[in-house]
>>> print(open('coords04.cif').read())   # mmCIF, C-alpha atoms and all ligand atoms
data_protein
#
loop_
_atom_site.label_atom_id
_atom_site.label_comp_id
_atom_site.auth_asym_id
_atom_site.auth_seq_id
_atom_site.Cartn_x
_atom_site.Cartn_y
_atom_site.Cartn_z
CA MET P 1 86.48 62.56 121.48
CA LYS P 2 86.35 63.55 117.80
CA LYS P 3 84.79 66.98 117.40
CA HIS P 4 82.13 67.98 114.89
CA ASN P 5 84.43 69.85 112.55
CA PHE P 6 82.76 72.63 110.54
CA SER P 7 86.06 74.32 109.70
CA ALA P 8 86.15 76.16 106.35
CA GLY P 9 89.54 74.86 105.29
CA PRO P 10 91.82 73.18 106.09
CA CYS P 11 88.91 71.05 107.14
CA ILE P 12 87.63 67.63 108.07
CA LEU P 13 89.00 64.58 106.26
CA PRO P 14 87.68 61.03 106.60
CA GLN P 15 89.01 59.32 109.72
CA GLU P 16 90.18 56.29 107.74
CA VAL P 17 92.17 58.56 105.42
CA LEU P 18 93.87 60.20 108.39
CA LEU P 19 94.69 56.81 109.83
CA LYS P 20 96.21 55.45 106.62
CA ALA P 21 98.14 58.68 106.03
CA SER P 22 99.57 58.57 109.53
CA GLU P 23 100.61 54.93 109.09
CA ALA P 24 102.38 55.78 105.83
CA VAL P 25 104.35 58.53 107.55
CA ILE P 26 105.87 55.81 109.73
CA ASP P 27 106.01 52.96 107.23
CA LEU P 28 104.77 53.10 103.64
CA ASP P 29 103.16 49.78 102.66
CA ASN P 30 105.51 47.70 104.85
CA SER P 31 108.53 49.02 102.98
CA GLY P 32 110.46 49.82 106.13
CA LEU P 33 110.56 53.43 104.97
CA SER P 34 108.43 56.48 105.62
CA LEU P 35 106.44 58.12 102.82
CA ILE P 36 108.21 61.37 103.61
CA GLU P 37 111.75 59.97 103.59
CA ILE P 38 111.77 58.22 100.21
CA SER P 39 112.79 59.77 96.91
CA HIS P 40 109.97 61.32 94.93
CA ARG P 41 111.59 59.60 91.95
CA SER P 42 111.22 56.16 93.54
CA LYS P 43 108.76 53.77 91.88
CA ALA P 44 106.66 53.81 95.04
CA PHE P 45 106.08 57.55 94.86
CA VAL P 46 105.81 57.81 91.07
CA ASP P 47 103.01 55.21 91.30
CA ILE P 48 101.27 57.30 93.98
CA MET P 49 101.43 60.43 91.84
CA GLU P 50 100.14 58.59 88.78
CA LYS P 51 97.30 57.06 90.77
CA ALA P 52 96.30 60.43 92.23
CA ARG P 53 96.28 62.06 88.78
CA ALA P 54 94.29 59.21 87.25
CA LEU P 55 91.74 59.14 90.11
CA ALA P 56 91.13 62.88 89.80
CA LEU P 57 90.31 62.55 86.09
CA GLU P 58 88.26 59.40 86.63
CA LEU P 59 86.09 60.93 89.37
CA LEU P 60 85.47 64.02 87.24
CA GLY P 61 84.57 61.85 84.24
CA LEU P 62 87.36 63.37 82.17
CA GLU P 63 89.44 60.33 81.28
CA GLY P 64 90.38 60.12 77.62
CA LYS P 65 88.96 63.56 76.86
CA GLY P 66 92.19 65.47 76.31
CA TYR P 67 92.64 66.59 79.92
CA LYS P 68 95.68 66.37 82.19
CA ALA P 69 95.63 66.48 85.98
CA LEU P 70 98.49 68.14 87.86
CA PHE P 71 99.27 68.41 91.55
CA LEU P 72 101.08 71.73 91.92
CA GLN P 73 102.20 73.93 94.79
CA GLY P 74 101.58 77.53 95.78
CA GLY P 75 97.89 77.14 96.58
CA ALA P 76 94.93 78.23 94.50
CA SER P 77 96.37 81.75 94.84
CA THR P 78 99.26 80.85 92.53
CA GLN P 79 96.68 79.70 89.97
CA PHE P 80 95.28 83.25 89.85
CA LEU P 81 98.63 84.16 88.33
CA MET P 82 99.34 81.01 86.30
CA VAL P 83 95.98 81.15 84.53
CA ALA P 84 96.76 84.66 83.29
CA LEU P 85 100.35 83.86 82.35
CA ASN P 86 99.35 80.81 80.31
CA LEU P 87 96.07 81.94 78.73
CA LEU P 88 95.96 85.71 78.57
CA GLU P 89 97.01 87.29 75.30
CA LYS P 90 94.83 90.40 75.09
CA ARG P 91 91.77 90.38 77.28
CA ALA P 92 89.73 88.15 79.53
CA GLY P 93 86.46 88.31 81.43
CA TYR P 94 86.03 87.62 85.13
CA LEU P 95 83.00 87.12 87.33
CA ASN P 96 83.52 88.93 90.60
CA SER P 97 81.46 86.81 92.98
CA GLY P 98 83.57 86.98 96.13
CA THR P 99 86.87 87.83 97.77
CA TRP P 100 88.77 85.04 96.01
CA ALA P 101 87.27 85.89 92.61
CA ASP P 102 88.29 89.50 93.19
CA LYS P 103 91.83 88.42 94.03
CA ALA P 104 92.01 86.29 90.87
CA LEU P 105 90.87 89.27 88.82
CA LYS P 106 93.37 91.66 90.41
CA GLU P 107 96.23 89.26 89.82
CA ALA P 108 95.38 88.88 86.12
CA LYS P 109 95.11 92.66 85.74
CA ILE P 110 98.86 92.87 86.24
CA TYR P 111 99.24 91.50 82.73
CA ASP P 112 96.52 92.80 80.46
CA ASP P 113 92.99 94.00 79.95
CA ILE P 114 90.68 92.28 82.36
CA TYR P 115 86.96 92.95 82.29
CA GLU P 116 84.67 92.39 85.20
CA LEU P 117 81.59 90.98 83.47
CA GLY P 118 79.48 90.85 86.61
CA SER P 119 79.95 91.68 90.27
CA SER P 120 78.05 91.33 93.53
CA LYS P 121 80.55 93.38 95.52
CA ASP P 122 77.94 96.10 96.10
CA ALA P 123 75.90 93.65 98.22
CA ASN P 124 78.90 92.24 100.09
CA TYR P 125 78.77 89.28 97.69
CA ASN P 126 75.57 87.81 99.09
CA TYR P 127 74.49 86.59 95.66
CA VAL P 128 76.00 85.25 92.44
CA PRO P 129 75.90 87.79 89.57
CA LYS P 130 73.78 86.72 86.60
CA GLY P 131 72.64 87.99 83.21
CA TYR P 132 76.07 88.94 81.89
CA GLU P 133 77.34 88.32 78.38
CA ILE P 134 80.67 86.77 77.56
CA PRO P 135 82.25 88.30 74.43
CA SER P 136 83.46 85.62 72.05
CA ASP P 137 86.74 87.41 71.27
CA TYR P 138 88.05 87.21 74.83
CA ASP P 139 90.86 84.78 75.62
CA TYR P 140 88.93 83.11 78.45
CA PHE P 141 86.24 83.54 81.08
CA HIS P 142 87.05 82.97 84.76
CA CYS P 143 84.54 82.18 87.49
CA THR P 144 84.49 80.77 91.04
CA SER P 145 82.05 77.89 91.51
CA ASN P 146 81.69 78.26 95.28
CA ASN P 147 82.35 81.40 97.28
CA THR P 148 83.72 79.97 100.50
CA ILE P 149 83.53 83.14 102.57
CA PHE P 150 80.02 84.29 101.61
CA GLY P 151 78.35 80.90 101.22
CA THR P 152 77.15 81.29 97.63
CA GLN P 153 77.49 78.72 94.88
CA MET P 154 76.98 78.89 91.12
CA LYS P 155 74.04 76.60 90.33
CA ALA P 156 74.44 77.07 86.57
CA PHE P 157 77.40 77.98 84.41
CA PRO P 158 77.19 80.33 81.44
CA LYS P 159 77.28 79.16 77.85
CA CYS P 160 80.73 80.04 76.74
CA ASP P 161 82.43 79.61 73.39
CA ILE P 162 85.81 80.66 74.75
CA PRO P 163 87.86 78.67 77.30
CA LEU P 164 85.98 78.37 80.60
CA VAL P 165 88.25 78.56 83.66
CA CYS P 166 86.89 77.80 87.11
CA ASP P 167 88.24 78.06 90.63
CA MET P 168 86.54 75.07 92.31
CA SER P 169 88.63 75.22 95.48
CA SER P 170 85.71 74.81 97.86
CA ASP P 171 83.32 72.52 96.02
CA ILE P 172 85.36 70.23 93.81
CA PHE P 173 84.27 66.57 94.03
CA SER P 174 81.12 67.59 95.93
CA ARG P 175 78.47 67.65 93.17
CA THR P 176 77.93 66.22 89.73
CA LEU P 177 78.57 68.63 86.88
CA ASP P 178 79.47 68.16 83.26
CA PHE P 179 83.13 68.85 83.93
CA SER P 180 83.94 68.62 80.21
CA LYS P 181 82.34 72.08 79.83
CA PHE P 182 85.37 73.48 81.63
CA ASP P 183 88.75 73.92 80.01
CA LEU P 184 90.70 74.57 83.18
CA ILE P 185 89.66 73.73 86.72
CA TYR P 186 91.81 74.41 89.75
CA ALA P 187 91.32 73.73 93.44
CA GLY P 188 93.46 74.05 96.52
CA ALA P 189 93.43 70.61 98.16
CA GLN P 190 92.53 71.70 101.65
CA LYS P 191 88.75 71.47 101.38
CA ASN P 192 87.39 68.42 99.64
CA MET P 193 90.59 66.78 98.53
CA GLY P 194 93.31 66.56 101.13
CA PRO P 195 95.71 68.47 103.34
CA ALA P 196 97.01 71.93 102.47
CA GLY P 197 100.13 71.95 100.32
CA THR P 198 98.97 70.95 96.88
CA THR P 199 96.58 72.33 94.27
CA LEU P 200 94.81 70.23 91.71
CA VAL P 201 94.86 71.66 88.19
CA VAL P 202 92.82 69.89 85.53
CA ILE P 203 93.50 71.31 82.12
CA LYS P 204 92.44 70.64 78.57
CA GLU P 205 95.75 70.50 76.81
CA ASP P 206 94.64 72.07 73.57
CA ILE P 207 94.04 75.49 75.15
CA LEU P 208 97.76 75.88 75.86
CA GLY P 209 100.51 77.35 73.68
CA LYS P 210 98.45 80.28 72.40
CA VAL P 211 100.13 83.21 74.15
CA SER P 212 103.19 85.05 72.88
CA ARG P 213 104.85 85.84 76.21
CA LYS P 214 107.73 83.83 77.66
CA ILE P 215 106.50 81.91 80.67
CA PRO P 216 108.93 81.00 83.49
CA SER P 217 109.27 77.18 83.70
CA MET P 218 107.60 76.78 87.09
CA MET P 219 104.65 78.92 85.95
CA ASP P 220 104.18 77.08 82.65
CA TYR P 221 101.51 74.34 82.65
CA LYS P 222 103.32 72.70 79.74
CA THR P 223 106.42 72.17 81.86
CA HIS P 224 104.41 70.34 84.51
CA ILE P 225 102.45 68.30 81.96
CA SER P 226 105.62 67.19 80.18
CA LYS P 227 107.18 66.07 83.48
CA GLY P 228 104.15 64.18 84.77
CA SER P 229 103.63 66.74 87.56
CA MET P 230 107.17 66.01 88.79
CA PHE P 231 109.16 68.92 87.36
CA ASN P 232 110.34 69.69 90.87
CA THR P 233 109.92 67.84 94.16
CA PRO P 234 106.17 67.51 94.70
CA PRO P 235 104.53 67.88 98.13
CA VAL P 236 104.60 64.13 98.74
CA PHE P 237 102.45 63.99 101.88
CA ALA P 238 99.71 66.21 100.44
CA VAL P 239 99.63 64.24 97.19
CA TYR P 240 99.55 60.88 98.98
CA THR P 241 96.78 61.92 101.36
CA SER P 242 94.78 63.41 98.47
CA MET P 243 95.18 60.09 96.65
CA LEU P 244 93.81 58.24 99.70
CA ASN P 245 90.91 60.64 99.91
CA LEU P 246 90.06 60.27 96.22
CA GLU P 247 90.20 56.51 96.68
CA TRP P 248 87.81 56.86 99.65
CA LEU P 249 85.43 58.85 97.47
CA LYS P 250 85.62 56.33 94.65
CA ASN P 251 84.85 53.44 97.02
CA LEU P 252 81.88 55.36 98.34
CA GLY P 253 80.38 55.55 94.84
CA GLY P 254 82.06 58.70 93.53
CA ILE P 255 80.71 62.22 93.23
CA ALA P 256 77.10 61.15 92.57
CA ALA P 257 77.00 59.28 95.90
CA ILE P 258 78.59 62.04 97.98
CA GLU P 259 76.36 64.64 96.31
CA LYS P 260 73.29 62.95 97.83
CA GLU P 261 74.85 63.15 101.30
CA ASN P 262 75.86 66.76 100.75
CA GLU P 263 72.30 67.66 99.71
CA LYS P 264 70.87 66.03 102.85
CA LYS P 265 73.26 67.98 105.06
CA ALA P 266 72.55 71.29 103.31
CA ARG P 267 68.77 70.76 103.42
CA LEU P 268 68.84 70.07 107.14
CA MET P 269 71.08 73.05 107.86
CA TYR P 270 69.11 75.56 105.80
CA SER P 271 65.75 74.39 107.06
CA GLU P 272 66.90 75.10 110.62
CA ILE P 273 68.25 78.53 109.59
CA ASP P 274 64.92 79.36 107.91
CA LEU P 275 62.58 77.96 110.55
CA ASN P 276 64.39 79.12 113.67
CA PRO P 277 63.53 82.81 114.27
CA LEU P 278 66.82 83.38 116.12
CA PHE P 279 68.89 82.90 112.97
CA LYS P 280 69.05 84.55 109.56
CA GLY P 281 70.75 83.25 106.43
CA PHE P 282 73.26 85.56 104.77
CA ALA P 283 73.25 84.40 101.13
CA ALA P 284 70.41 84.86 98.63
CA LYS P 285 68.30 81.69 98.83
CA GLU P 286 68.66 80.69 95.19
CA ASP P 287 72.45 80.92 95.40
CA ARG P 288 73.00 79.16 98.70
CA SER P 289 76.05 76.96 98.86
CA ASP P 290 75.74 73.30 99.80
CA MET P 291 79.28 73.52 101.17
CA ASN P 292 79.30 76.66 103.32
CA ALA P 293 76.16 77.87 105.07
CA THR P 294 76.52 81.44 106.34
CA PHE P 295 74.13 82.82 108.95
CA THR P 296 73.82 85.26 111.80
CA LEU P 297 72.32 85.11 115.26
CA GLU P 298 69.75 87.90 115.37
CA ASN P 299 69.77 88.42 119.13
CA GLU P 300 73.27 89.43 120.26
CA ASN P 301 72.31 88.81 123.90
CA LEU P 302 72.21 85.07 123.18
CA LYS P 303 75.69 84.95 121.66
CA GLU P 304 77.48 83.85 124.80
CA THR P 305 74.92 81.16 125.61
CA PHE P 306 75.01 79.87 122.03
CA GLU P 307 78.78 79.74 121.94
CA THR P 308 78.96 77.94 125.27
CA MET P 309 76.48 75.39 123.95
CA LEU P 310 78.57 74.94 120.80
CA LYS P 311 81.67 74.37 122.85
CA GLU P 312 79.97 71.87 125.14
CA GLY P 313 78.51 70.09 122.11
CA GLY P 314 81.97 69.62 120.57
CA ILE P 315 81.25 71.91 117.60
CA ASN P 316 84.43 73.28 116.03
CA GLY P 317 85.13 75.92 113.39
CA LEU P 318 81.76 77.65 113.19
CA ASN P 319 82.95 81.27 113.30
CA GLY P 320 82.10 83.27 110.20
CA HIS P 321 84.78 84.99 108.15
CA ARG P 322 85.49 88.51 109.42
CA SER P 323 84.04 90.08 106.25
CA VAL P 324 80.62 88.51 106.88
CA GLY P 325 80.56 87.98 110.65
CA GLY P 326 78.15 85.58 112.31
CA TYR P 327 78.62 81.89 111.65
CA ARG P 328 79.62 79.63 108.79
CA ALA P 329 78.94 75.91 108.81
CA SER P 330 81.24 74.29 106.27
CA MET P 331 79.86 70.91 105.29
CA TYR P 332 82.53 69.38 103.10
CA ASN P 333 82.42 65.78 101.84
CA ALA P 334 83.89 64.17 104.95
CA LEU P 335 81.53 65.88 107.42
CA PRO P 336 78.96 63.30 108.59
CA LEU P 337 75.24 64.10 108.57
CA ASP P 338 75.33 63.43 112.32
CA SER P 339 77.52 66.50 112.81
CA VAL P 340 74.88 68.67 111.12
CA LYS P 341 72.22 67.00 113.28
CA ALA P 342 74.25 67.86 116.39
CA LEU P 343 74.54 71.51 115.35
CA VAL P 344 70.87 71.82 114.41
CA GLU P 345 69.88 70.34 117.76
CA ILE P 346 71.87 73.01 119.57
CA MET P 347 70.28 75.74 117.45
CA SER P 348 66.77 74.52 118.24
CA GLU P 349 67.63 74.07 121.90
CA LEU P 350 68.71 77.72 121.95
CA GLU P 351 65.29 78.65 120.55
CA SER P 352 63.56 76.80 123.36
CA LYS P 353 65.75 78.60 125.93
CA ALA P 354 65.15 82.09 124.45
N1 LIG X 1 89.73 80.21 96.01
C1 LIG X 1 88.78 79.86 96.90
C2 LIG X 1 87.37 79.68 96.44
C3 LIG X 1 89.13 79.66 98.24
O1 LIG X 1 88.20 79.30 99.13
C4 LIG X 1 90.49 79.83 98.64
C5 LIG X 1 90.96 79.58 100.05
N2 LIG X 1 90.08 79.53 101.02
C6 LIG X 1 91.41 80.24 97.67
C7 LIG X 1 91.00 80.39 96.37
C8 LIG X 1 92.86 80.44 98.03
O2 LIG X 1 93.44 79.23 98.23
P1 LIG X 1 94.94 79.03 98.74
O3 LIG X 1 94.94 79.42 100.17
O4 LIG X 1 95.16 77.58 98.49
O5 LIG X 1 95.81 79.91 97.91
#
>>> encode(input="coords04.cif", output="structure tokens", more="lines below")
Ligand code: PMP
Amino acid sequence: MKKHNFSAGPCILPQEVLLKASEAVIDLDNSGLSLIEISHRSKAFVDIMEKARALALELLGLEGKGYKALFLQGGASTQFLMVALNLLEKRAGYLNSGTWADKALKEAKIYDDIYELGSSKDANYNYVPKGYEIPSDYDYFHCTSNNTIFGTQMKAFPKCDIPLVCDMSSDIFSRTLDFSKFDLIYAGAQKNMGPAGTTLVVIKEDILGKVSRKIPSMMDYKTHISKGSMFNTPPVFAVYTSMLNLEWLKNLGGIAAIEKENEKKARLMYSEIDLNPLFKGFAAKEDRSDMNATFTLENENLKETFETMLKEGGINGLNGHRSVGGYRASMYNALPLDSVKALVEIMSELESKA
């Protein structure tokens, strides 16, 4: 029986995507060959890569606006470094809204002056810092749209007349935004896009070529753009499965359609957290993430009972990150509303037992 999968990432993918991906591993489109045994230079795979890149731009509404989409390797963590190498000449500003934001900042600090323009570290990142100013002579501003571990999400983005760089690893393709406000977006695939192994980078080409340092080929966005994201052997399975997932999202009606579902799931989840006296939300209400709901069980004596009920109810992946504790319900695009209903039912049943 398929479990209700609340895992924070890698996470749930649509069943039909998993099925098609598994078929392609055996036989890609009746070619008599597996997806993972053909040349990445074959027409079949080049077409897959092109389709994946085009779908990413189309879904974000960025076609024909000077952006390029790349499917790179090394996870979002490598982007912490690549962003700095490609864009940092003198100084940049970072918003420290969580563990991943902090890591991005630390990585960039290796190279030059990095300024933390706002931080919520003092409150264990339970809110998104606000009210900061972004100096117009900085090279870029970096923020994290959704803080996976703490369950906070930026609901508004600052006005910024320098390049705006955003780590959207855990909420890309989940909500409508004016994506053209961003100059560089990156996201590890393993939440809303596909399996681990590739990272989507969407970049406005005209922000490149402005730093004086020499950039190693693999770290240079220009290299990857000029080679159509095929400078070296790409992670073929991760790119193919991401392509299938983006196709699934397009057929569903795109980001606007999935956003409605995501809002329903989040509303249901948070109303249970707020109404059930046994549970307490971790994140500041105004900054709550629609993707990751973090909460604690107030009565430790009920922990064992609750966890047995979760297990019996087929709920997977609800443990909170060690730096927050408690529970985290990750409700990415492919998680059905019924899974949230199943979890909420268990939470209210626990209340009636207490
Ligand atoms: N940024 C965010 C917001 C994340 O949630 C994660 C991973 N959970 C990362 C960056 C790091 O991603 P990766 O493991 O792909 O390097």
>>> closest_residue(input="coords04.cif", among="P:Leu246, P:Leu310, P:Ile36, P:Ala257", to="Ala56 of chain P", atoms="all atoms listed in the file")
P:Leu246
>>> residues_around(input="coords04.cif", residues="segment 157-159 of chain P", least_positions_apart="6", cutoff="10 Å", atoms="only C-alpha atoms", output="list in words")
Lys130, Gly131, Tyr132, Glu133, Ile134, Phe141, Cys143, Ser145, Cys166, Leu177, Lys181 and Phe182 of chain P
>>> atom_distance(input="coords04.cif", atom1="atom CA of Trp248 of chain P", atom2="atom CA of Asn319 of chain P")
28.4 Å
>>> closest_residue(input="coords04.cif", among="P:Lys51, P:Lys341, P:His142, P:Lys103", to="Thr241 of chain P", atoms="only C-alpha atoms")
P:Lys51
>>> residues_near_ligand(input="coords04.cif", ligand="ligand LIG 1 (chain X)", cutoff="7 Å", atoms="all atoms listed in the file", output="MDAnalysis selection string")
chainID P and resid 9 74:78 100 144 146:149 167:170 188 199
>>> closest_residue(input="coords04.cif", among="P:Met269, P:Met193, P:Ala283, P:Val340", to="Gly151 of chain P", atoms="all atoms listed in the file")
P:Ala283
>>> residues_around(input="coords04.cif", residues="Ile255 of chain P", least_positions_apart="4", cutoff="12 Å", atoms="only C-alpha atoms", output="ChimeraX atom specification")
/P:55-61,171-179,192,246-251,259-263,333
>>> residues_around(input="coords04.cif", residues="Asn316 of chain P", least_positions_apart="6", cutoff="8 Å", atoms="all atoms listed in the file", output="count of residues only")
6
>>> residues_around(input="coords04.cif", residues="Pro14 of chain P", least_positions_apart="3", cutoff="10 Å", atoms="all atoms listed in the file", output="ChimeraX atom specification")
/P:17-19,194,244-245,248-249,333-336
>>> closest_residue(input="coords04.cif", among="P:Ile315, P:Ile203, P:Met219, P:Leu88", to="Glu63 of chain P", atoms="only C-alpha atoms")
P:Ile203
>>> residues_around(input="coords04.cif", residues="segment 235-237 of chain P", least_positions_apart="3", cutoff="9 Å", atoms="all atoms listed in the file", output="PyMOL selection string")
chain P and resi 21+25+35-36+40+45+48-49+71-73+195+197-198+240-242
>>> closest_residue(input="coords04.cif", among="P:Ile162, P:Ile12, P:Leu343, P:Leu200", to="Arg53 of chain P", atoms="all atoms listed in the file")
P:Leu200
>>> closest_residue(input="coords04.cif", among="P:Pro163, P:Asp338, P:Gln153, P:Met331", to="Val128 of chain P", atoms="all atoms listed in the file")
P:Gln153
>>> atom_distance(input="coords04.cif", atom1="atom CA of Lys65 of chain P", atom2="atom CA of Lys227 of chain P")
19.5 Å
